[in-house]
Each structure stands twice: as C-alpha cells, then as structure tokens.
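Everything below belongs to model22.cif, which stores mmCIF, C-alpha atoms.
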```
data_my_file
#
loop_
_atom_site.group_PDB
_atom_site.id
_atom_site.type_symbol
_atom_site.label_atom_id
_atom_site.label_comp_id
_atom_site.auth_asym_id
_atom_site.auth_seq_id
_atom_site.Cartn_x
_atom_site.Cartn_y
_atom_site.Cartn_z
ATOM 1 C CA MET A 901 0.000 0.000 0.000
ATOM 2 C CA ASN A 902 1.646 3.269 -1.066
ATOM 3 C CA LEU A 903 0.699 6.536 0.634
ATOM 4 C CA SER A 904 3.636 8.621 -0.578
ATOM 5 C CA PRO A 905 2.629 12.282 -0.640
ATOM 6 C CA ARG A 906 2.465 13.947 -4.042
ATOM 7 C CA GLY A 907 3.464 17.581 -4.385
ATOM 8 C CA GLY A 908 1.295 19.538 -1.954
ATOM 9 C CA ALA A 909 -0.683 16.428 -0.944
ATOM 10 C CA ARG A 910 -2.149 16.591 2.542
ATOM 11 C CA THR A 911 -3.170 13.803 4.898
ATOM 12 C CA LEU A 912 -5.827 14.040 7.605
ATOM 13 C CA VAL A 913 -5.732 11.482 10.422
ATOM 14 C CA ALA A 914 -9.034 11.704 12.292
ATOM 15 C CA GLY A 915 -9.851 9.963 15.545
ATOM 16 C CA VAL A 916 -13.564 9.480 16.153
ATOM 17 C CA GLY A 917 -15.636 7.945 18.898
ATOM 18 C CA ASN A 918 -17.406 8.597 22.165
ATOM 19 C CA ILE A 919 -15.136 8.368 25.214
ATOM 20 C CA PHE A 920 -18.216 7.826 27.411
ATOM 21 C CA LEU A 921 -18.993 4.520 25.657
ATOM 22 C CA GLY A 922 -15.986 2.387 26.617
ATOM 23 C CA ASP A 923 -14.135 1.026 23.596
ATOM 24 C CA ASP A 924 -15.869 3.503 21.281
ATOM 25 C CA GLY A 925 -13.139 5.881 22.494
ATOM 26 C CA PHE A 926 -10.427 3.875 20.663
ATOM 27 C CA GLY A 927 -10.010 6.416 17.851
ATOM 28 C CA VAL A 928 -9.836 9.355 20.236
ATOM 29 C CA GLU A 929 -7.197 7.671 22.414
ATOM 30 C CA THR A 930 -5.139 6.564 19.411
ATOM 31 C CA VAL A 931 -4.919 10.054 17.873
ATOM 32 C CA ARG A 932 -4.200 11.545 21.308
ATOM 33 C CA ARG A 933 -1.109 9.341 21.518
ATOM 34 C CA LEU A 934 -0.268 9.872 17.861
ATOM 35 C CA ALA A 935 -0.254 13.656 18.326
ATOM 36 C CA ALA A 936 2.675 13.281 20.768
ATOM 37 C CA HIS A 937 4.909 12.118 17.878
ATOM 38 C CA GLN A 938 6.836 14.226 15.392
ATOM 39 C CA LEU A 939 4.860 13.967 12.145
ATOM 40 C CA PRO A 940 5.596 15.069 8.579
ATOM 41 C CA GLU A 941 4.463 18.574 7.644
ATOM 42 C CA HIS A 942 1.740 17.299 5.300
ATOM 43 C CA VAL A 943 -0.016 15.381 8.106
ATOM 44 C CA GLU A 944 -2.745 16.815 10.321
ATOM 45 C CA VAL A 945 -4.008 14.787 13.311
ATOM 46 C CA VAL A 946 -7.383 15.774 14.803
ATOM 47 C CA ASP A 947 -9.590 14.335 17.556
ATOM 48 C CA PHE A 948 -13.121 14.727 16.178
ATOM 49 C CA GLY A 949 -14.792 12.684 18.907
ATOM 50 C CA VAL A 950 -18.500 12.602 18.051
ATOM 51 C CA ARG A 951 -18.420 15.547 15.620
ATOM 52 C CA GLY A 952 -18.981 13.602 12.405
ATOM 53 C CA VAL A 953 -20.605 16.519 10.587
ATOM 54 C CA HIS A 954 -17.584 18.705 11.378
ATOM 55 C CA LEU A 955 -15.304 15.947 10.041
ATOM 56 C CA ALA A 956 -17.215 15.771 6.742
ATOM 57 C CA TYR A 957 -16.890 19.547 6.289
ATOM 58 C CA GLN A 958 -13.185 19.462 7.228
ATOM 59 C CA LEU A 959 -12.589 16.936 4.450
ATOM 60 C CA LEU A 960 -13.748 19.538 1.921
ATOM 61 C CA ASP A 961 -10.515 21.451 2.686
ATOM 62 C CA GLY A 962 -8.577 19.383 0.151
ATOM 63 C CA TYR A 963 -6.904 16.281 1.570
ATOM 64 C CA ASP A 964 -5.288 13.686 -0.671
ATOM 65 C CA THR A 965 -5.414 10.930 1.968
ATOM 66 C CA PHE A 966 -7.859 10.469 4.821
ATOM 67 C CA ILE A 967 -7.073 8.013 7.625
ATOM 68 C CA LEU A 968 -9.999 7.432 9.982
ATOM 69 C CA VAL A 969 -9.250 5.776 13.335
ATOM 70 C CA ASP A 970 -12.311 4.224 14.985
ATOM 71 C CA ALA A 971 -13.747 1.280 16.878
ATOM 72 C CA THR A 972 -14.904 -1.061 14.130
ATOM 73 C CA ALA A 973 -17.028 -4.116 14.920
ATOM 74 C CA ARG A 974 -16.350 -6.687 12.195
ATOM 75 C CA GLY A 975 -16.745 -9.936 14.131
ATOM 76 C CA GLY A 976 -13.162 -10.487 15.244
ATOM 77 C CA ASP A 977 -11.732 -10.808 18.724
ATOM 78 C CA PRO A 978 -11.638 -7.699 20.927
ATOM 79 C CA GLY A 979 -8.459 -5.784 20.192
ATOM 80 C CA ASP A 980 -8.084 -7.086 16.615
ATOM 81 C CA LEU A 981 -6.942 -4.303 14.320
ATOM 82 C CA TYR A 982 -8.200 -3.793 10.787
ATOM 83 C CA LEU A 983 -6.820 -1.788 7.902
ATOM 84 C CA ILE A 984 -9.694 -1.117 5.534
ATOM 85 C CA GLU A 985 -9.581 0.844 2.302
ATOM 86 C CA ALA A 986 -12.817 2.460 1.172
ATOM 87 C CA GLY A 987 -13.792 1.369 -2.308
ATOM 88 C CA THR A 988 -12.457 -2.175 -1.935
ATOM 89 C CA THR A 989 -14.301 -5.436 -1.300
ATOM 90 C CA GLY A 990 -15.141 -5.485 2.397
ATOM 91 C CA GLY A 991 -14.231 -1.815 2.730
ATOM 92 C CA VAL A 992 -16.321 1.049 4.056
ATOM 93 C CA GLU A 993 -18.789 2.345 1.509
ATOM 94 C CA PRO A 994 -21.117 5.340 1.720
ATOM 95 C CA GLN A 995 -24.692 4.142 2.234
ATOM 96 C CA GLY A 996 -26.616 7.408 2.329
ATOM 97 C CA ALA A 997 -26.225 10.552 4.381
ATOM 98 C CA VAL A 998 -27.836 10.041 7.781
ATOM 99 C CA VAL A 999 -27.039 13.163 9.762
ATOM 100 C CA ASP A 1000 -26.942 12.716 13.517
ATOM 101 C CA GLY A 1001 -24.412 15.226 14.786
ATOM 102 C CA HIS A 1002 -23.314 13.030 17.689
ATOM 103 C CA HIS A 1003 -23.354 9.520 16.266
ATOM 104 C CA MET A 1004 -22.116 9.169 12.714
ATOM 105 C CA SER A 1005 -20.551 5.927 11.563
ATOM 106 C CA PRO A 1006 -17.694 6.046 9.026
ATOM 107 C CA ASP A 1007 -20.096 5.196 6.203
ATOM 108 C CA ALA A 1008 -22.402 8.067 7.251
ATOM 109 C CA VAL A 1009 -19.452 10.514 7.280
ATOM 110 C CA LEU A 1010 -18.433 9.361 3.787
ATOM 111 C CA ALA A 1011 -22.020 9.623 2.549
ATOM 112 C CA LEU A 1012 -22.338 13.160 3.906
ATOM 113 C CA LEU A 1013 -18.987 14.045 2.327
ATOM 114 C CA ALA A 1014 -20.205 12.722 -1.043
ATOM 115 C CA THR A 1015 -23.369 14.828 -0.721
ATOM 116 C CA LEU A 1016 -21.338 17.926 0.206
ATOM 117 C CA CYS A 1017 -18.939 17.378 -2.707
ATOM 118 C CA ASP A 1018 -21.865 17.017 -5.110
ATOM 119 C CA GLY A 1019 -23.396 20.239 -3.810
ATOM 120 C CA THR A 1020 -20.216 22.303 -3.700
ATOM 121 C CA GLY A 1021 -18.131 20.863 -6.501
ATOM 122 C CA GLY A 1022 -15.567 19.806 -3.895
ATOM 123 C CA THR A 1023 -13.310 16.806 -4.264
ATOM 124 C CA PRO A 1024 -13.182 13.990 -1.721
ATOM 125 C CA PRO A 1025 -9.815 12.562 -0.641
ATOM 126 C CA ARG A 1026 -8.171 10.376 -3.290
ATOM 127 C CA ARG A 1027 -7.682 7.611 -0.744
ATOM 128 C CA THR A 1028 -9.675 6.800 2.390
ATOM 129 C CA LEU A 1029 -8.391 4.284 4.918
ATOM 130 C CA VAL A 1030 -9.830 3.106 8.212
ATOM 131 C CA VAL A 1031 -7.645 1.855 11.047
ATOM 132 C CA GLY A 1032 -10.243 0.044 13.093
ATOM 133 C CA CYS A 1033 -10.205 -1.933 16.304
ATOM 134 C CA GLU A 1034 -12.665 -4.638 17.302
ATOM 135 C CA PRO A 1035 -14.349 -3.402 20.502
ATOM 136 C CA ALA A 1036 -15.113 -5.558 23.531
ATOM 137 C CA CYS A 1037 -17.703 -3.208 25.047
ATOM 138 C CA VAL A 1038 -19.379 -0.011 23.821
ATOM 139 C CA GLU A 1039 -21.740 0.461 26.740
ATOM 140 C CA GLU A 1040 -21.726 3.482 29.056
ATOM 141 C CA GLY A 1041 -18.456 3.829 30.893
ATOM 142 C CA ILE A 1042 -15.158 5.643 30.589
ATOM 143 C CA GLY A 1043 -12.005 3.781 29.631
ATOM 144 C CA LEU A 1044 -10.947 1.179 27.125
ATOM 145 C CA SER A 1045 -11.150 -2.552 27.834
ATOM 146 C CA PRO A 1046 -7.752 -4.266 28.319
ATOM 147 C CA PRO A 1047 -7.578 -5.814 24.808
ATOM 148 C CA VAL A 1048 -8.506 -2.544 23.096
ATOM 149 C CA ALA A 1049 -6.125 -0.511 25.271
ATOM 150 C CA ALA A 1050 -3.366 -2.995 24.346
ATOM 151 C CA ALA A 1051 -4.100 -2.432 20.631
ATOM 152 C CA VAL A 1052 -3.636 1.363 20.786
ATOM 153 C CA PRO A 1053 0.206 1.379 20.605
ATOM 154 C CA GLU A 1054 0.116 -0.962 17.608
ATOM 155 C CA ALA A 1055 -2.460 1.249 15.867
ATOM 156 C CA VAL A 1056 -0.197 4.246 16.488
ATOM 157 C CA ARG A 1057 2.706 2.332 14.879
ATOM 158 C CA TRP A 1058 0.516 1.523 11.859
ATOM 159 C CA VAL A 1059 -0.438 5.151 11.298
ATOM 160 C CA LEU A 1060 3.135 6.360 11.865
ATOM 161 C CA GLY A 1061 4.322 3.880 9.243
ATOM 162 C CA MET A 1062 1.711 5.126 6.801
ATOM 163 C CA VAL A 1063 2.421 8.829 7.202
ATOM 164 C CA ARG A 1064 6.207 8.691 7.653
ATOM 165 C CA ASP A 1065 7.259 5.991 5.215
ATOM 166 C CA GLY A 1066 4.435 6.255 2.702
ATOM 167 C CA THR A 1067 4.000 2.491 2.575
ATOM 168 C CA TYR A 1068 2.627 0.031 5.044
ATOM 169 C CA GLU A 1069 1.252 -3.454 5.166
ATOM 170 C CA ALA A 1070 -0.546 -4.326 8.361
ATOM 171 C CA PRO A 1071 0.726 -7.502 10.059
ATOM 172 C CA ALA A 1072 -1.499 -10.414 9.009
ATOM 173 C CA SER A 1073 -1.652 -11.726 12.568
ATOM 174 C CA ARG A 1074 -3.700 -8.748 13.788
ATOM 175 C CA THR A 1075 -5.568 -7.465 10.765
ATOM 176 C CA THR A 1076 -7.951 -8.250 7.999
ATOM 177 C CA ALA A 1077 -9.369 -6.207 5.147
ATOM 178 C CA GLU A 1078 -12.343 -8.536 4.797
ATOM 179 C CA PRO A 1079 -15.440 -8.536 6.970
ATOM 180 C CA ALA A 1080 -15.851 -11.517 9.261
ATOM 181 C CA GLY A 1081 -17.540 -14.460 7.607
ATOM 182 C CA ASN A 1082 -16.220 -13.824 4.072
#
```
What's the structure tokens form of this structure?
Amino acid sequence: MNLSPRGGARTLVAGVGNIFLGDDGFGVETVRRLAAHQLPEHVEVVDFGVRGVHLAYQLLDGYDTFILVDATARGGDPGDLYLIEAGTTGGVEPQGAVVDGHHMSPDAVLALLATLCDGTGGTPPRRTLVVGCEPACVEEGIGLSPPVAAAVPEAVRWVLGMVRDGTYEAPASRTTAEPAGN
C-alpha cells in the first residue's frame, strides 16, 4: 500500500468515537497518543470525537489521503486491528447521508462528504483508509477494555508507518481487510 505524498498532498488522520462509551473511544485515544509524535508537515491529526458533521466539512478542505481511526465491529476478537480501504471489497462504503451530529458511523461521514462534494463541486480525498479496532464493550463507561487498550500502541505504529514511510502493510496476525464471515 503506497501513501507517498504527491506535491502539496495533505493527509488528515481523524480519531472518532465517544469516550463515554468504553471502547468507542479507541479512535480518540489513538490520535491523542499519535499527536505526541513528530509527524511530517503534510499530516494533520485531529480528535473529532463525536463531531462527524464537522469531520465531513473538514474533508472539503482538500486532503489527498484520509485516515480514519475508529472502533470497528467486524466480528473479530476484541483488540483485533483492521486496515480497511474504502472502495475495496469489504471496505467502508457510503450508504446514504444520515445526519446525527453526535453519532455518525464512518459510512455516514463518507455519505455526507459525497453529498457535500456534489453540492459544492468539492473533491473527496483520493484515498480513504480506516484503522479500526474490534471493541469488547461499547456500553456506558469511561475507559478502554484491556484488549482494546493494548491495541492502541500498535495502531499508532501503523499510522506512523503510513504517514512517515508512505507504505505500510498491516501484520497479518492482527488485521484483515475482509469482513468476518467472508
């Protein structure tokens, strides 16, 4: 997978999730830790939390690559990491813009972005990737479960590899690009 920046290409790494719903806070915690690292100039790291509408509008600002970090239930074991590319078999695909300002899934954000691009003539990112983690629990409560908390440093390494080196293949032992059951 090659993410090498082209002249003037920008990358947005967005952490999403609700820290009050246990493992749903995976994306927020991962980008919090990622922001402590020295990153290339073309990379912007933002904690969007539950502000999915804001994220869709931010993407209109002209990013070449969009990396979304989120809890992603795909049927694996808690703490399993996934690297998913939108537009591929088993990837995240826009389903239709369902606007709920405080609970937008990745597909809803992408659908809203598509609607905004159609209405404004904007261009979506050339490449959209999701670094997802299988949650153990997304019920009310603050803090990540032990397997999800243990996956955060590895997710940070994945994203650092993508944005620093331009290429990255997720280790097969902890990732899949296919939904469970395929």
* Within 8 Å of Pro1024 in chain A, counting only C-alpha atoms, which residues qualify if same-chain residues fewer than 3 places away don't, as a VMD selection string? -> chain A and resid 959 to 960 962 to 964 1013 to 1014 1017
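Matched in the shown structure by the PyMOL selection byres ((chain A and resi 970) around 7): Gly915, Val916, Gly917, Phe926, Gly927, Leu968, Val969, Ala971, Thr972, Val1031, Gly1032 and Cys1033 of chain A.
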Would you put the residues from that selection into a file with C-alpha atoms, as a PDB file, keeping the file's coordinate frame?
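The result, stored in again.pdb:
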```pdb
ATOM      1  CA  GLY A 915      -9.851   9.963  15.545  1.00  0.00           C
ATOM      2  CA  VAL A 916     -13.564   9.480  16.153  1.00  0.00           C
ATOM      3  CA  GLY A 917     -15.636   7.945  18.898  1.00  0.00           C
ATOM      4  CA  PHE A 926     -10.427   3.875  20.663  1.00  0.00           C
ATOM      5  CA  GLY A 927     -10.010   6.416  17.851  1.00  0.00           C
ATOM      6  CA  LEU A 968      -9.999   7.432   9.982  1.00  0.00           C
ATOM      7  CA  VAL A 969      -9.250   5.776  13.335  1.00  0.00           C
ATOM      8  CA  ALA A 971     -13.747   1.280  16.878  1.00  0.00           C
ATOM      9  CA  THR A 972     -14.904  -1.061  14.130  1.00  0.00           C
ATOM     10  CA  VAL A1031      -7.645   1.855  11.047  1.00  0.00           C
ATOM     11  CA  GLY A1032     -10.243   0.044  13.093  1.00  0.00           C
ATOM     12  CA  CYS A1033     -10.205  -1.933  16.304  1.00  0.00           C
TER      13      CYS A1033
END
```
* I need the residue set behind the PyMOL selection byres ((chain A and resi 1052-1061) around 10) for this file; please write it as a ChimeraX atom specification. => /A:903,913,926-927,929-935,937-940,967-969,979,981-983,1031-1033,1044,1047-1051,1062-1071,1074
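One finds CA of Leu912 in chain A at 10.7 Å from CA of Arg1027 in chain A.
Here CA of Leu955 in chain A is placed at a distance of 7.4 Å from CA of Val1009 in chain A.
We find CA of Val928 in chain A and CA of Val950 in chain A to be spaced 9.5 Å apart.
In terms of minimum interatomic distance to Val945 in chain A, A:Thr911 ranks closest within A:Glu1040, A:Thr965, A:Thr911, A:Arg974, counting all atoms listed in the file.
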* Show me as JSON, numbers by chain the residues that reach within 6 Å of (-1.6, 17.2, 4.8), counting all atoms listed in the file and using the file's own coordinates. => {"A": [909, 910, 911, 912, 942, 943, 944]}
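Minimum atom-to-atom distances from A:Ala1036, A:Val946, A:Val953, A:Val1030 to Ala1011 in chain A were compared using all atoms listed in the file, and the lowest value belongs to A:Val953.
Using all atoms listed in the file, the contacts of Glu1039 in chain A at a cut-off of 7 Å, with sequence neighbours closer than 2 positions omitted, comprise Leu921, Gly922, Cys1037 and Gly1041 of chain A.
Comparing the minimum interatomic distances between Pro1046 in chain A and each of A:Pro978, A:Arg951, A:Thr1015, A:Gly1021, counting all atoms listed in the file, we find that A:Pro978 sits nearest.
Residue nearest Phe966 in chain A, chosen from A:Glu1034, A:Asp980, A:Glu985, A:Glu941 and counting only C-alpha atoms: A:Glu985.
Nearest residue to Asn918 in chain A among A:Gly949, A:Thr1020, A:Gly975, A:Thr1028 is A:Gly949, counting all atoms listed in the file.
Remark: for Asp947 in chain A, the closest of the candidate residues A:Asp923, A:Ala914, A:Ala973, A:Asp961 is A:Ala914 (distances computed over only C-alpha atoms).
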